[in-house]
file coords.txt (compact mmCIF, C-alpha atoms)
# COMPACT_ATOMS: atom_id res chain seq x y z
CA MET A 16 24.63 -31.95 -58.49
CA ASN A 17 27.91 -31.23 -60.29
CA ASP A 18 28.04 -27.65 -59.03
CA ASP A 19 24.60 -26.81 -60.46
CA THR A 20 22.99 -23.72 -58.94
CA ALA A 21 19.54 -22.11 -58.86
CA PRO A 22 19.47 -21.22 -62.58
CA VAL A 23 18.86 -24.90 -63.41
CA PHE A 24 15.25 -24.24 -62.34
CA THR A 25 13.16 -23.41 -65.37
CA THR A 26 10.27 -22.69 -63.01
CA ASN A 27 10.91 -21.72 -59.41
CA PRO A 28 8.95 -23.53 -56.71
CA LYS A 29 6.28 -21.60 -54.81
CA VAL A 30 6.32 -21.54 -51.04
CA SER A 31 3.16 -20.82 -49.07
CA THR A 32 1.62 -21.11 -45.62
CA SER A 33 -1.82 -20.46 -44.18
CA ALA A 34 -0.30 -18.26 -41.46
CA THR A 35 -0.47 -14.46 -41.74
CA THR A 36 1.00 -11.59 -39.72
CA THR A 37 -2.13 -11.67 -37.51
CA SER A 38 -2.34 -15.45 -37.00
CA ASP A 39 -2.85 -16.83 -33.50
CA VAL A 40 -0.26 -18.86 -31.65
CA GLY A 41 0.06 -22.35 -33.11
CA THR A 42 1.67 -24.39 -35.91
CA TYR A 43 0.99 -23.88 -39.60
CA PRO A 44 2.06 -26.06 -42.55
CA ILE A 45 4.57 -24.74 -45.08
CA THR A 46 3.95 -26.16 -48.55
CA LEU A 47 5.95 -26.04 -51.80
CA GLU A 48 4.82 -26.70 -55.36
CA GLY A 49 5.39 -25.94 -59.00
CA GLY A 50 9.16 -26.15 -59.34
CA GLU A 51 10.75 -27.55 -62.54
CA ALA A 52 14.46 -28.01 -63.20
CA THR A 53 16.54 -29.32 -66.12
CA ASN A 54 17.62 -32.93 -65.61
CA TYR A 55 16.06 -33.04 -62.13
CA ILE A 56 13.00 -34.60 -60.56
CA VAL A 57 11.74 -32.26 -57.82
CA ASN A 58 10.41 -33.76 -54.59
CA TYR A 59 8.95 -31.62 -51.81
CA GLU A 60 9.43 -31.91 -48.06
CA PRO A 61 6.71 -29.88 -46.28
CA GLY A 62 7.74 -27.74 -43.31
CA THR A 63 6.07 -26.23 -40.26
CA LEU A 64 5.86 -22.60 -39.17
CA THR A 65 5.49 -22.14 -35.41
CA VAL A 66 3.98 -18.93 -34.03
CA GLU A 67 4.86 -18.44 -30.35
CA LYS A 68 3.44 -16.08 -27.73
CA ALA A 69 4.79 -12.56 -27.85
CA PRO A 70 6.28 -10.91 -24.75
CA GLN A 71 4.74 -7.80 -23.24
CA SER A 72 5.69 -5.32 -20.53
CA ILE A 73 3.97 -2.91 -18.14
CA THR A 74 4.88 0.77 -18.01
CA TRP A 75 3.76 2.70 -14.93
CA SER A 76 5.37 6.13 -14.85
CA GLN A 77 2.79 7.61 -12.48
CA ASN A 78 4.34 9.30 -9.42
CA LEU A 79 2.64 7.94 -6.30
CA SER A 80 5.35 8.85 -3.82
CA LYS A 81 3.36 11.60 -2.09
CA GLU A 82 1.32 10.88 1.03
CA PHE A 83 -2.37 10.40 0.38
CA VAL A 84 -5.10 11.15 2.89
CA ILE A 85 -8.00 9.02 4.05
CA GLY A 86 -10.90 9.42 1.64
CA GLU A 87 -8.70 10.52 -1.26
CA GLU A 88 -9.06 8.83 -4.64
CA VAL A 89 -6.55 8.56 -7.48
CA THR A 90 -6.87 7.15 -11.00
CA LEU A 91 -4.25 4.49 -11.75
CA SER A 92 -2.52 4.70 -15.12
CA ALA A 93 -0.30 1.66 -15.75
CA ARG A 94 -0.18 0.54 -19.39
CA ALA A 95 0.66 -2.76 -21.05
CA SER A 96 2.69 -2.66 -24.27
CA SER A 97 0.18 -5.13 -25.75
CA GLY A 98 -2.74 -2.75 -25.17
CA LEU A 99 -4.47 -5.34 -22.97
CA THR A 100 -6.18 -4.18 -19.77
CA VAL A 101 -3.98 -3.92 -16.69
CA SER A 102 -5.40 -5.20 -13.37
CA TYR A 103 -4.47 -4.03 -9.88
CA THR A 104 -4.31 -5.64 -6.45
CA THR A 105 -3.51 -4.20 -3.04
CA SER A 106 -1.56 -5.86 -0.24
CA ASP A 107 -4.05 -4.63 2.39
CA GLU A 108 -7.63 -3.77 1.44
CA THR A 109 -8.31 -2.23 4.84
CA ILE A 110 -5.89 0.58 3.92
CA ALA A 111 -6.73 1.07 0.23
CA VAL A 112 -8.90 -0.66 -2.35
CA VAL A 113 -9.02 -0.55 -6.13
CA GLU A 114 -12.32 -0.07 -7.92
CA GLN A 115 -11.97 -1.23 -11.53
CA ASN A 116 -14.39 -0.97 -14.43
CA GLY A 117 -12.82 -2.34 -17.58
CA SER A 118 -9.60 -0.44 -18.26
CA ARG A 119 -10.46 2.29 -15.74
CA ALA A 120 -9.11 1.80 -12.24
CA ARG A 121 -9.38 4.06 -9.21
CA LEU A 122 -7.63 3.74 -5.87
CA ARG A 123 -9.61 4.68 -2.77
CA CYS A 124 -7.74 5.36 0.49
CA LEU A 125 -9.50 4.06 3.59
CA GLU A 126 -7.11 3.88 6.54
CA GLU A 127 -3.75 5.15 7.71
CA GLY A 128 -0.86 2.91 6.76
CA GLU A 129 1.32 1.66 3.94
CA VAL A 130 0.09 -0.58 1.16
CA VAL A 131 1.64 -2.04 -2.00
CA ILE A 132 -0.34 -1.67 -5.23
CA THR A 133 0.61 -4.19 -7.92
CA ALA A 134 -0.20 -3.85 -11.63
CA THR A 135 -0.47 -7.12 -13.57
CA GLN A 136 -1.34 -8.30 -17.07
CA GLU A 137 -1.85 -12.06 -17.30
CA GLY A 138 -1.56 -12.30 -21.08
CA ASP A 139 -3.90 -14.04 -23.49
CA ARG A 140 -3.71 -16.75 -26.13
CA ASN A 141 -1.10 -14.77 -28.07
CA ARG A 142 0.84 -12.92 -25.36
CA LEU A 143 2.88 -13.96 -22.38
CA ALA A 144 2.11 -12.58 -18.92
CA ALA A 145 3.91 -9.32 -18.18
CA THR A 146 6.27 -8.94 -15.25
CA PRO A 147 4.20 -7.29 -12.46
CA VAL A 148 5.03 -3.72 -11.43
CA SER A 149 4.43 -2.53 -7.85
CA LYS A 150 4.27 0.84 -6.11
CA THR A 151 4.03 1.63 -2.41
CA ILE A 152 1.28 3.98 -1.27
CA ARG A 153 1.28 5.79 2.07
CA VAL A 154 -2.02 6.94 3.56
CA LYS A 155 -2.38 9.36 6.45
CA ALA A 156 -5.25 10.94 8.33
CA SER A 157 -6.21 14.48 7.47
CA THR A 158 -8.66 16.91 9.00
CA GLY A 159 -9.37 17.93 5.42
CA PHE A 160 -11.67 14.93 5.24
CA SER A 161 -13.25 15.40 8.65
CA SER A 162 -16.79 16.74 8.96
CA THR A 163 -15.46 19.45 11.27
CA SER A 164 -13.57 20.95 8.32
CA ILE A 165 -16.83 21.91 6.58
CA GLU A 166 -18.61 24.58 8.49
CA GLY A 167 -22.28 23.92 9.04
CA LEU A 168 -22.11 20.20 8.20
CA ALA A 169 -23.70 17.76 10.67
CA ILE A 170 -24.11 13.98 10.42
CA TYR A 171 -26.28 12.32 13.09
CA PRO A 172 -27.02 10.04 14.82
CA ASN A 173 -23.82 8.06 14.58
CA PRO A 174 -24.10 5.16 15.35
CA ALA A 175 -27.54 4.84 13.74
CA THR A 176 -30.07 2.03 13.47
CA THR A 177 -32.46 2.87 10.62
CA HIS A 178 -31.74 6.36 9.29
CA MET A 179 -29.02 8.98 9.38
CA ASN A 180 -29.55 12.72 8.96
CA ILE A 181 -27.17 15.00 7.06
CA GLN A 182 -27.34 18.78 7.28
CA ALA A 183 -25.25 21.32 5.37
CA GLU A 184 -25.80 25.07 5.36
CA GLY A 185 -24.55 25.46 1.79
CA GLY A 186 -26.63 22.60 0.40
CA ILE A 187 -25.86 18.93 -0.20
CA LYS A 188 -24.84 18.01 -3.73
CA ARG A 189 -24.17 14.29 -3.46
CA VAL A 190 -24.08 11.52 -0.86
CA LEU A 191 -22.14 8.29 -1.33
CA LEU A 192 -21.86 5.28 0.94
CA HIS A 193 -19.07 2.71 0.55
CA SER A 194 -18.17 -0.44 2.40
CA LEU A 195 -14.73 -0.49 4.04
CA ALA A 196 -13.63 -2.66 1.11
CA GLY A 197 -14.53 0.20 -1.24
CA THR A 198 -17.75 -1.20 -2.74
CA LEU A 199 -20.22 1.54 -3.63
CA LEU A 200 -23.50 0.85 -1.82
CA MET A 201 -25.40 4.12 -2.26
CA ASP A 202 -25.12 7.13 -4.56
CA GLU A 203 -27.79 9.74 -3.93
CA ASP A 204 -28.34 13.21 -5.34
CA GLY A 205 -28.64 15.84 -2.61
CA HIS A 206 -30.39 18.30 -4.95
CA ASP A 207 -28.56 21.13 -3.14
CA GLU A 208 -31.00 20.77 -0.25
CA ALA A 209 -29.93 21.72 3.28
CA THR A 210 -30.96 18.31 4.68
CA HIS A 211 -30.75 14.73 3.47
CA ARG A 212 -32.10 11.59 5.12
CA LEU A 213 -30.13 8.41 4.47
CA ASP A 214 -32.04 5.13 4.73
CA LEU A 215 -29.88 2.43 6.39
CA THR A 216 -32.59 -0.17 6.96
CA ARG A 217 -31.35 -2.57 4.26
CA LEU A 218 -27.74 -2.50 5.40
CA PRO A 219 -26.32 -5.12 7.75
CA GLN A 220 -24.73 -3.96 10.97
CA GLY A 221 -21.21 -2.71 10.54
CA THR A 222 -18.94 0.23 9.73
CA TYR A 223 -19.16 2.18 6.48
CA LEU A 224 -17.62 5.20 4.79
CA LEU A 225 -19.99 8.10 4.17
CA THR A 226 -18.90 10.77 1.68
CA VAL A 227 -20.83 14.04 1.54
CA GLU A 228 -20.23 16.57 -1.22
CA THR A 229 -21.39 20.10 -0.42
CA SER A 230 -20.85 23.50 -1.96
CA ALA A 231 -18.10 24.02 0.63
CA GLY A 232 -16.15 20.81 -0.08
CA VAL A 233 -16.10 17.05 0.30
CA CYS A 234 -16.13 15.16 3.59
CA THR A 235 -15.64 11.44 4.26
CA GLU A 236 -16.69 10.05 7.65
CA ARG A 237 -16.85 6.62 9.23
CA ILE A 238 -20.40 5.73 10.25
CA VAL A 239 -21.75 2.75 12.18
CA LYS A 240 -25.00 0.89 11.53
CA GLU A 241 -26.21 -0.85 14.67

call {"tool": "encode", "arguments": {"input": "coords.txt", "output": "structure tokens"}}
result
Amino acid sequence: MNDDTAPVFTTNPKVSTSATTTSDVGTYPITLEGGEATNYIVNYEPGTLTVEKAPQSITWSQNLSKEFVIGEEVTLSARASSGLTVSYTTSDETIAVVEQNGSRARLRCLEEGEVVITATQEGDRNRLAATPVSKTIRVKASTGFSSTSIEGLAIYPNPATTHMNIQAEGGIKRVLLHSLAGTLLMDEDGHDEATHRLDLTRLPQGTYLLTVETSAGVCTERIVKE
């Protein structure tokens, strides 16, 4: 009143709130107390501090413009500014699938064609969902992943009913079997032996992807369980 200013306070009021720089989204009371001023009676009107969700974004600088080949795998490296885990989806899982374990994601190419891979981060209680980022992947066939490209490698019979035999002159290091959707069904050590017998008795009838790692290279073949 009467052009009085802040110096009329003999004791300044204290302002406080229960919120901190790490508080979750929500509302927090703002309280005042302790102020005294000459010729004034001090009344307090409490306030409210509102903490809202923070925005986030996805950065995916990885160059995926090259053509990939059937059987090839690539680690996906999109990052969210929040540090939260990025998830991936594909527009066609018959062409390529994503295998994800926590923050680690790997793309496996299955068929010739073009597929869109989309990176998303849905947010959490304190962060908004990020705008999705997509990349187009092109997959082609390559004799580099054919059994004929590894000399001395034989996979038979194919189709098979109960067992499949694998032979490799240089020794078999590892044998993996995936579903067409990319799910790992078998992972067996070849122990560098020249032969390996794969038991298919527990598998339902269908088509699978067999990957054989030898001293001469890696081969991925379609196999059929009858």

call {"tool": "atom_distance", "arguments": {"input": "coords.txt", "atom1": "CA of Ile45 (chain A)", "atom2": "CA of Ser33 (chain A)"}}
result
7.7 Å

call {"tool": "residues_near_point", "arguments": {"input": "coords.txt", "point": "(-2.0, -22.2, -30.5)", "cutoff": "10 Å", "atoms": "all atoms listed in the file", "output": "list in words"}}
result
Ser38, Asp39, Val40, Gly41, Thr42, Tyr43, Thr65, Val66, Glu67, Lys68, Arg140 and Asn141 of chain A

call {"tool": "write_last_selection", "arguments": {"input": "coords.txt", "atoms": "C-alpha atoms", "output": "mmCIF file, in the frame of the given file"}}
result
data_model
loop_
_atom_site.group_PDB
_atom_site.id
_atom_site.type_symbol
_atom_site.label_atom_id
_atom_site.label_comp_id
_atom_site.auth_asym_id
_atom_site.auth_seq_id
_atom_site.Cartn_x
_atom_site.Cartn_y
_atom_site.Cartn_z
ATOM 1 C CA SER A 38 -2.340 -15.450 -37.000
ATOM 2 C CA ASP A 39 -2.850 -16.830 -33.500
ATOM 3 C CA VAL A 40 -0.260 -18.860 -31.650
ATOM 4 C CA GLY A 41 0.060 -22.350 -33.110
ATOM 5 C CA THR A 42 1.670 -24.390 -35.910
ATOM 6 C CA TYR A 43 0.990 -23.880 -39.600
ATOM 7 C CA THR A 65 5.490 -22.140 -35.410
ATOM 8 C CA VAL A 66 3.980 -18.930 -34.030
ATOM 9 C CA GLU A 67 4.860 -18.440 -30.350
ATOM 10 C CA LYS A 68 3.440 -16.080 -27.730
ATOM 11 C CA ARG A 140 -3.710 -16.750 -26.130
ATOM 12 C CA ASN A 141 -1.100 -14.770 -28.070
#

call {"tool": "atom_distance", "arguments": {"input": "coords.txt", "atom1": "CA of Arg121 (chain A)", "atom2": "CA of Gly86 (chain A)"}}
result
12.2 Å

call {"tool": "residues_near_point", "arguments": {"input": "coords.txt", "point": "(-10.8, -3.2, 5.8)", "cutoff": "10 Å", "atoms": "all atoms listed in the file", "output": "MDAnalysis selection string"}}
result
chainID A and resid 107:112 125:126 194:197 222:223

call {"tool": "residues_around", "arguments": {"input": "coords.txt", "residues": "Arg217 (chain A)", "least_positions_apart": "5", "cutoff": "12 Å", "atoms": "only C-alpha atoms", "output": "list in words"}}
result
Thr176, Thr177, His178, Leu200, Met201, Lys240 and Glu241 of chain A

call {"tool": "write_last_selection", "arguments": {"input": "coords.txt", "atoms": "C-alpha atoms", "output": "mmCIF file, in the frame of the given file"}}
result
data_model
loop_
_atom_site.group_PDB
_atom_site.id
_atom_site.type_symbol
_atom_site.label_atom_id
_atom_site.label_comp_id
_atom_site.auth_asym_id
_atom_site.auth_seq_id
_atom_site.Cartn_x
_atom_site.Cartn_y
_atom_site.Cartn_z
ATOM 1 C CA THR A 176 -30.070 2.030 13.470
ATOM 2 C CA THR A 177 -32.460 2.870 10.620
ATOM 3 C CA HIS A 178 -31.740 6.360 9.290
ATOM 4 C CA LEU A 200 -23.500 0.850 -1.820
ATOM 5 C CA MET A 201 -25.400 4.120 -2.260
ATOM 6 C CA LYS A 240 -25.000 0.890 11.530
ATOM 7 C CA GLU A 241 -26.210 -0.850 14.670
#

call {"tool": "residues_around", "arguments": {"input": "coords.txt", "residues": "region 51-58 of chain A", "least_positions_apart": "4", "cutoff": "10 Å", "atoms": "all atoms listed in the file", "output": "list in words"}}
result
Met16, Ala21, Pro22, Val23, Phe24, Thr25, Thr26, Asn27, Pro28 and Leu47 of chain A

call {"tool": "write_last_selection", "arguments": {"input": "coords.txt", "atoms": "C-alpha atoms", "output": "PDB file, in the frame of the given file"}}
result
ATOM      1  CA  MET A  16      24.630 -31.950 -58.490  1.00  0.00           C
ATOM      2  CA  ALA A  21      19.540 -22.110 -58.860  1.00  0.00           C
ATOM      3  CA  PRO A  22      19.470 -21.220 -62.580  1.00  0.00           C
ATOM      4  CA  VAL A  23      18.860 -24.900 -63.410  1.00  0.00           C
ATOM      5  CA  PHE A  24      15.250 -24.240 -62.340  1.00  0.00           C
ATOM      6  CA  THR A  25      13.160 -23.410 -65.370  1.00  0.00           C
ATOM      7  CA  THR A  26      10.270 -22.690 -63.010  1.00  0.00           C
ATOM      8  CA  ASN A  27      10.910 -21.720 -59.410  1.00  0.00           C
ATOM      9  CA  PRO A  28       8.950 -23.530 -56.710  1.00  0.00           C
ATOM     10  CA  LEU A  47       5.950 -26.040 -51.800  1.00  0.00           C
TER      11      LEU A  47
END

call {"tool": "atom_distance", "arguments": {"input": "coords.txt", "atom1": "CA of Leu225 (chain A)", "atom2": "CA of Arg237 (chain A)"}}
result
6.1 Å

call {"tool": "closest_residue", "arguments": {"input": "coords.txt", "among": "A:Val101, A:Cys234, A:Val148, A:Val227", "to": "Ile85 (chain A)", "atoms": "all atoms listed in the file"}}
result
A:Cys234

call {"tool": "residues_around", "arguments": {"input": "coords.txt", "residues": "Ala95 (chain A)", "least_positions_apart": "4", "cutoff": "9 Å", "atoms": "only C-alpha atoms", "output": "PDB file with C-alpha atoms, in the frame of the given file"}}
result
ATOM      1  CA  GLN A  71       4.740  -7.800 -23.240  1.00  0.00           C
ATOM      2  CA  SER A  72       5.690  -5.320 -20.530  1.00  0.00           C
ATOM      3  CA  ILE A  73       3.970  -2.910 -18.140  1.00  0.00           C
ATOM      4  CA  THR A  74       4.880   0.770 -18.010  1.00  0.00           C
ATOM      5  CA  TRP A  75       3.760   2.700 -14.930  1.00  0.00           C
ATOM      6  CA  LEU A  99      -4.470  -5.340 -22.970  1.00  0.00           C
ATOM      7  CA  THR A 100      -6.180  -4.180 -19.770  1.00  0.00           C
ATOM      8  CA  VAL A 101      -3.980  -3.920 -16.690  1.00  0.00           C
ATOM      9  CA  THR A 135      -0.470  -7.120 -13.570  1.00  0.00           C
ATOM     10  CA  GLN A 136      -1.340  -8.300 -17.070  1.00  0.00           C
ATOM     11  CA  ALA A 145       3.910  -9.320 -18.180  1.00  0.00           C
TER      12      ALA A 145
END

call {"tool": "axis_aligned_box", "arguments": {"input": "coords.txt", "around": "region 42-55 of chain A", "padding_each_side": "6 Å", "output": "AutoDock Vina command-line options"}}
result
--center_x 9.3 --center_y -28.5 --center_z -51.0 --size_x 28.6 --size_y 21.2 --size_z 42.2

call {"tool": "closest_residue", "arguments": {"input": "coords.txt", "among": "A:Thr105, A:Thr226, A:Thr36, A:Thr20", "to": "Asp202 (chain A)", "atoms": "all atoms listed in the file"}}
result
A:Thr226

call {"tool": "closest_residue", "arguments": {"input": "coords.txt", "among": "A:Gly138, A:Ala34, A:Val154, A:Leu218", "to": "Glu88 (chain A)", "atoms": "all atoms listed in the file"}}
result
A:Val154

call {"tool": "closest_residue", "arguments": {"input": "coords.txt", "among": "A:Leu199, A:Ile152, A:Val30, A:Ala231", "to": "Leu64 (chain A)", "atoms": "all atoms listed in the file"}}
result
A:Val30

call {"tool": "closest_residue", "arguments": {"input": "coords.txt", "among": "A:Thr235, A:Thr210, A:Thr198, A:Thr104", "to": "Glu184 (chain A)", "atoms": "all atoms listed in the file"}}
result
A:Thr210

call {"tool": "closest_residue", "arguments": {"input": "coords.txt", "among": "A:Val84, A:Leu192, A:Ile132, A:Val89", "to": "Ala156 (chain A)", "atoms": "only C-alpha atoms"}}
result
A:Val84
